[in-house]
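Each remark here refers to the structure printed beneath this line.
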Amino acid sequence: MPRCRRSLAAVLAFAACQATPAPEAPPGSLACTLAILKTGPRTEPLGKDENAKVFGGHFANMARLAKEGHLLLAGPYGEHRSDPALRGLFVLATPDRARAVQLAESDPAFQAGVFRFEFHALVTSAALRAHIAEELALHEAAERAGTPRKPGEGGRVYVLVTAANGAAVEATLAGNPAVLMHARLDGTKGFVLLDSKDVAAAKVLLEPFAAKLGECVLDEWFGSGSLVQLPQRKA
């Protein structure tokens with residue numbers, strides 16, 4: 001079984017937040033920034049009204065970023081995660097770290113101290129632009145019909161695999177129907193979205209490949225149900 005560390009930060013080196021050049025994307029790939037949302041510095045709990053305002057603003061800001069073409073993928077981590085501080089993630093459509101920080105920090109929940117961010121360069125050939133375009137179309141259709149979708153509606157649990165050796169993961173899991181997205185983090189690490197209902201099921205799925213996969217971390221993550229169609233989408 002892949003050795004799963006208790007802290008995602010042990011695999012995703014925080015040095016990635018330094019001012020290093022973003023890896024170049026191969027032809028046909030997207031060069032993006034992964035912003036990992038973690039529990040922020042705020043210690044005082046939000047009151048009921050403030051909580052509604054902050055998280056209402058959080059979801060509204062995500063919708064704005066998606067409509068403007070900046071946010072390609074987003075969702076919260078699930079119950080079984082490698083680090084209790086993990087809250088969610090954004091995939092932002094820019095490899096420019098300063099611009100990604102600016103976009104992420106427009107989040108009212110960050111501004112309220114509820115979240116902090118950890119940033120990583122992400123390159124993928126997955127058709128994330130086509131995916132978010134379809135999601136936006138579904139939301140707009142629901143609004144026109146007078147039945148706007150609530151945050152998380154139509155979503156489900158997946159499993160994220162974060163691996164120290166991205167090349168090994170890509171070679172080992174190439175063509176595996178459970179893999180919905182391959183990505184590289186910070187040039188060398190692997191980041192895979194698995195069509196798996198929970199970590200336990202993902203461990204069973206990955207067991208035959210354990211020796212080749214090497215060091216990795218598994219985290220449950222909640223995203224749009226339409227992500228199962230991601231491999232069939234055209235960039």
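Naming scheme: A, B, ... for chains in displayed order of the structure tokens; residues 1 onward per chain; ligands 1 onward as shown.
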Write out as a compact mmCIF listing (two decimals) with C-alpha atoms, in the first residue's frame each polymer residue whose atoms come within 12 Å of Phe209 in chain A, counting only C-alpha atoms; drop sequence neighbours fewer than 5 positions from it.
# COMPACT_ATOMS: atom_id res chain seq x y z
CA MET A 1 0.00 0.00 0.00
CA PRO A 2 1.35 3.52 -0.72
CA ARG A 3 2.79 4.98 2.45
CA ALA A 168 6.12 7.24 -11.66
CA VAL A 169 2.46 7.90 -10.90
CA GLU A 170 1.69 8.97 -14.47
CA ALA A 171 3.43 5.92 -15.93
CA THR A 172 1.87 3.49 -13.47
CA LEU A 173 -1.71 4.77 -13.64
CA ALA A 174 -1.77 5.73 -17.34
CA ASN A 176 -6.53 3.50 -15.55
CA ALA A 202 -8.84 4.07 -3.09
CA LYS A 203 -6.37 2.01 -1.05
CA VAL A 204 -7.86 -1.18 -2.47
CA GLY A 214 6.10 5.17 -4.06
CA GLU A 215 5.42 7.77 -1.39
CA CYS A 216 1.94 9.24 -1.57
| Quick one: residues within 9 Å of Phe117 in chain A, only C-alpha atoms counted, chain neighbours fewer than 2 positions away excluded, as a list in words? |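 Answer for this query is Ala35, Ile36, Leu37, Lys38, Thr39, Gly40, Leu89, Val101, Ala104, Glu105, Phe110, Phe115 and Phe119 of chain A.
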Hey, can you spit out that residue selection with N, CA and C atoms as a PDB file, in the first residue's frame?
ATOM      1  N   ALA A  35      -4.202  26.453  -5.127  1.00  0.00           N
ATOM      2  CA  ALA A  35      -4.265  27.148  -3.839  1.00  0.00           C
ATOM      3  C   ALA A  35      -4.979  26.222  -2.855  1.00  0.00           C
ATOM      4  N   ILE A  36      -4.250  25.756  -1.870  1.00  0.00           N
ATOM      5  CA  ILE A  36      -4.828  24.882  -0.858  1.00  0.00           C
ATOM      6  C   ILE A  36      -5.309  25.733   0.310  1.00  0.00           C
ATOM      7  N   LEU A  37      -6.592  25.619   0.616  1.00  0.00           N
ATOM      8  CA  LEU A  37      -7.171  26.350   1.735  1.00  0.00           C
ATOM      9  C   LEU A  37      -6.948  25.556   3.016  1.00  0.00           C
ATOM     10  N   LYS A  38      -6.377  26.207   4.013  1.00  0.00           N
ATOM     11  CA  LYS A  38      -6.161  25.588   5.313  1.00  0.00           C
ATOM     12  C   LYS A  38      -6.791  26.460   6.399  1.00  0.00           C
ATOM     13  N   THR A  39      -6.963  25.879   7.562  1.00  0.00           N
ATOM     14  CA  THR A  39      -7.532  26.624   8.686  1.00  0.00           C
ATOM     15  C   THR A  39      -6.687  27.859   8.961  1.00  0.00           C
ATOM     16  N   GLY A  40      -7.341  28.995   9.045  1.00  0.00           N
ATOM     17  CA  GLY A  40      -6.648  30.259   9.189  1.00  0.00           C
ATOM     18  C   GLY A  40      -6.299  30.608  10.625  1.00  0.00           C
ATOM     19  N   LEU A  89      -9.690  23.474  -1.811  1.00  0.00           N
ATOM     20  CA  LEU A  89      -8.694  23.867  -2.804  1.00  0.00           C
ATOM     21  C   LEU A  89      -9.335  24.677  -3.928  1.00  0.00           C
ATOM     22  N   VAL A 101      -2.109  34.728  -5.948  1.00  0.00           N
ATOM     23  CA  VAL A 101      -2.278  35.177  -4.564  1.00  0.00           C
ATOM     24  C   VAL A 101      -3.340  36.269  -4.500  1.00  0.00           C
ATOM     25  N   ALA A 104      -6.802  34.608  -4.986  1.00  0.00           N
ATOM     26  CA  ALA A 104      -7.205  33.796  -3.835  1.00  0.00           C
ATOM     27  C   ALA A 104      -7.572  34.667  -2.640  1.00  0.00           C
ATOM     28  N   GLU A 105      -6.788  35.699  -2.422  1.00  0.00           N
ATOM     29  CA  GLU A 105      -6.986  36.519  -1.235  1.00  0.00           C
ATOM     30  C   GLU A 105      -8.146  37.501  -1.364  1.00  0.00           C
ATOM     31  N   PHE A 110     -10.917  34.245   3.690  1.00  0.00           N
ATOM     32  CA  PHE A 110      -9.493  34.507   3.950  1.00  0.00           C
ATOM     33  C   PHE A 110      -9.354  35.830   4.699  1.00  0.00           C
ATOM     34  N   PHE A 115      -9.561  31.185   6.696  1.00  0.00           N
ATOM     35  CA  PHE A 115      -8.674  30.379   5.867  1.00  0.00           C
ATOM     36  C   PHE A 115      -7.318  31.057   5.707  1.00  0.00           C
ATOM     37  N   PHE A 119       0.344  27.698  -1.745  1.00  0.00           N
ATOM     38  CA  PHE A 119       0.310  27.751  -3.202  1.00  0.00           C
ATOM     39  C   PHE A 119       1.331  26.809  -3.836  1.00  0.00           C
TER      40      PHE A 119
END
Could you give me, as a VMD selection string, each residue of range 55-114 of chain A that DSSP assigns to strand (DSSP E) when run on this structure's backbone? chain A and resid 71 to 76 86 to 92
With N, CA and C atoms kept, could you save the residues just selected as a PDB file, in the first residue's frame?
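That gives us part26.pdb:
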ATOM      1  N   LEU A  71     -11.230  30.824 -11.952  1.00  0.00           N
ATOM      2  CA  LEU A  71     -11.337  29.642 -11.097  1.00  0.00           C
ATOM      3  C   LEU A  71     -11.818  28.459 -11.928  1.00  0.00           C
ATOM      4  N   LEU A  72     -10.993  27.421 -12.033  1.00  0.00           N
ATOM      5  CA  LEU A  72     -11.307  26.271 -12.871  1.00  0.00           C
ATOM      6  C   LEU A  72     -11.829  25.078 -12.081  1.00  0.00           C
ATOM      7  N   LEU A  73     -11.469  24.990 -10.822  1.00  0.00           N
ATOM      8  CA  LEU A  73     -11.861  23.848 -10.005  1.00  0.00           C
ATOM      9  C   LEU A  73     -11.827  24.270  -8.545  1.00  0.00           C
ATOM     10  N   ALA A  74     -12.803  23.806  -7.768  1.00  0.00           N
ATOM     11  CA  ALA A  74     -12.847  24.155  -6.349  1.00  0.00           C
ATOM     12  C   ALA A  74     -13.667  23.118  -5.601  1.00  0.00           C
ATOM     13  N   GLY A  75     -13.383  22.987  -4.321  1.00  0.00           N
ATOM     14  CA  GLY A  75     -14.168  22.085  -3.486  1.00  0.00           C
ATOM     15  C   GLY A  75     -13.502  21.856  -2.149  1.00  0.00           C
ATOM     16  N   PRO A  76     -14.257  21.399  -1.159  1.00  0.00           N
ATOM     17  CA  PRO A  76     -13.712  21.167   0.174  1.00  0.00           C
ATOM     18  C   PRO A  76     -13.132  19.753   0.327  1.00  0.00           C
ATOM     19  N   LEU A  86      -6.539  20.911   6.545  1.00  0.00           N
ATOM     20  CA  LEU A  86      -6.991  21.033   5.161  1.00  0.00           C
ATOM     21  C   LEU A  86      -8.474  21.367   5.110  1.00  0.00           C
ATOM     22  N   ARG A  87      -8.817  22.403   4.328  1.00  0.00           N
ATOM     23  CA  ARG A  87     -10.214  22.814   4.222  1.00  0.00           C
ATOM     24  C   ARG A  87     -10.752  22.696   2.792  1.00  0.00           C
ATOM     25  N   GLY A  88      -9.955  23.059   1.807  1.00  0.00           N
ATOM     26  CA  GLY A  88     -10.434  23.011   0.429  1.00  0.00           C
ATOM     27  C   GLY A  88      -9.327  23.361  -0.537  1.00  0.00           C
ATOM     28  N   LEU A  89      -9.690  23.474  -1.811  1.00  0.00           N
ATOM     29  CA  LEU A  89      -8.694  23.867  -2.804  1.00  0.00           C
ATOM     30  C   LEU A  89      -9.335  24.677  -3.928  1.00  0.00           C
ATOM     31  N   PHE A  90      -8.518  25.508  -4.544  1.00  0.00           N
ATOM     32  CA  PHE A  90      -8.846  26.226  -5.765  1.00  0.00           C
ATOM     33  C   PHE A  90      -7.788  25.876  -6.805  1.00  0.00           C
ATOM     34  N   VAL A  91      -8.196  25.661  -8.035  1.00  0.00           N
ATOM     35  CA  VAL A  91      -7.252  25.647  -9.149  1.00  0.00           C
ATOM     36  C   VAL A  91      -7.500  26.931  -9.928  1.00  0.00           C
ATOM     37  N   LEU A  92      -6.508  27.801  -9.924  1.00  0.00           N
ATOM     38  CA  LEU A  92      -6.618  29.123 -10.533  1.00  0.00           C
ATOM     39  C   LEU A  92      -5.930  29.131 -11.898  1.00  0.00           C
TER      40      LEU A  92
END
Considering only C-alpha atoms, return as a PDB file with C-alpha atoms, in the first residue's frame whatever protein or nucleic-acid residues lie within 6 Å of Val161 in chain A, sequence-local ones (same chain, fewer than 5 positions apart) excluded.
ATOM      1  CA  PHE A 191      -1.527  15.075  -8.246  1.00  0.00           C
ATOM      2  CA  VAL A 192      -4.284  12.667  -9.280  1.00  0.00           C
ATOM      3  CA  VAL A 217      -0.890  10.803   0.410  1.00  0.00           C
ATOM      4  CA  LEU A 218      -4.621  10.100   0.027  1.00  0.00           C
TER       5      LEU A 218
END
When you look at Ala200 in chain A with a cut-off of 12 Å (counting only C-alpha atoms), what residues show up, excluding the ones that are within fewer than 3 positions of it in the same chain? I need them as a tab-separated table (two decimals) with C-alpha atoms, in the first residue's frame.
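Full text of part.tsv as output:
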chain	number	residue	atom	x	y	z
A	1	MET	CA	0.00	0.00	0.00
A	80	HIS	CA	-10.77	11.48	5.87
A	81	ARG	CA	-7.84	13.77	5.10
A	158	TYR	CA	-13.55	11.71	-4.76
A	159	VAL	CA	-10.02	10.89	-3.61
A	196	SER	CA	-13.25	6.58	-5.69
A	197	LYS	CA	-15.93	6.93	-3.03
A	203	LYS	CA	-6.37	2.01	-1.05
A	204	VAL	CA	-7.86	-1.18	-2.47
A	205	LEU	CA	-7.70	0.25	-5.99
A	206	LEU	CA	-4.05	1.31	-5.63
A	207	GLU	CA	-2.78	-1.74	-3.72
A	218	LEU	CA	-4.62	10.10	0.03
A	219	ASP	CA	-7.31	12.65	0.84
A	220	GLU	CA	-11.07	12.62	0.39
- Item | Those of range 2-217 of chain A in DSSP helix (DSSP H, G or I), formatted as a count of residues only | 79
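Note that CA of Gly190 in chain A and CA of Val114 in chain A are 28.1 Å apart.
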- Selection near Thr124 in chain A, 12 Å with only C-alpha atoms, sequence-local residues under 2 positions removed, as a PyMOL selection string: chain A and resi 23-34+72+91+93+95+121-122+126-129+166+170+180-187+189-193+231+235
Query - Separation of CA of Val157 in chain A from CA of Gly78 in chain A in Å - result: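 Atom-to-atom, CA of Gly78 in chain A to CA of Val157 in chain A, that is 7.3 Å.
Closest approach to Phe59 in chain A among A:Glu140, A:Glu118, A:Asp107, A:Asp83 is made by A:Asp107 (distances from only C-alpha atoms).
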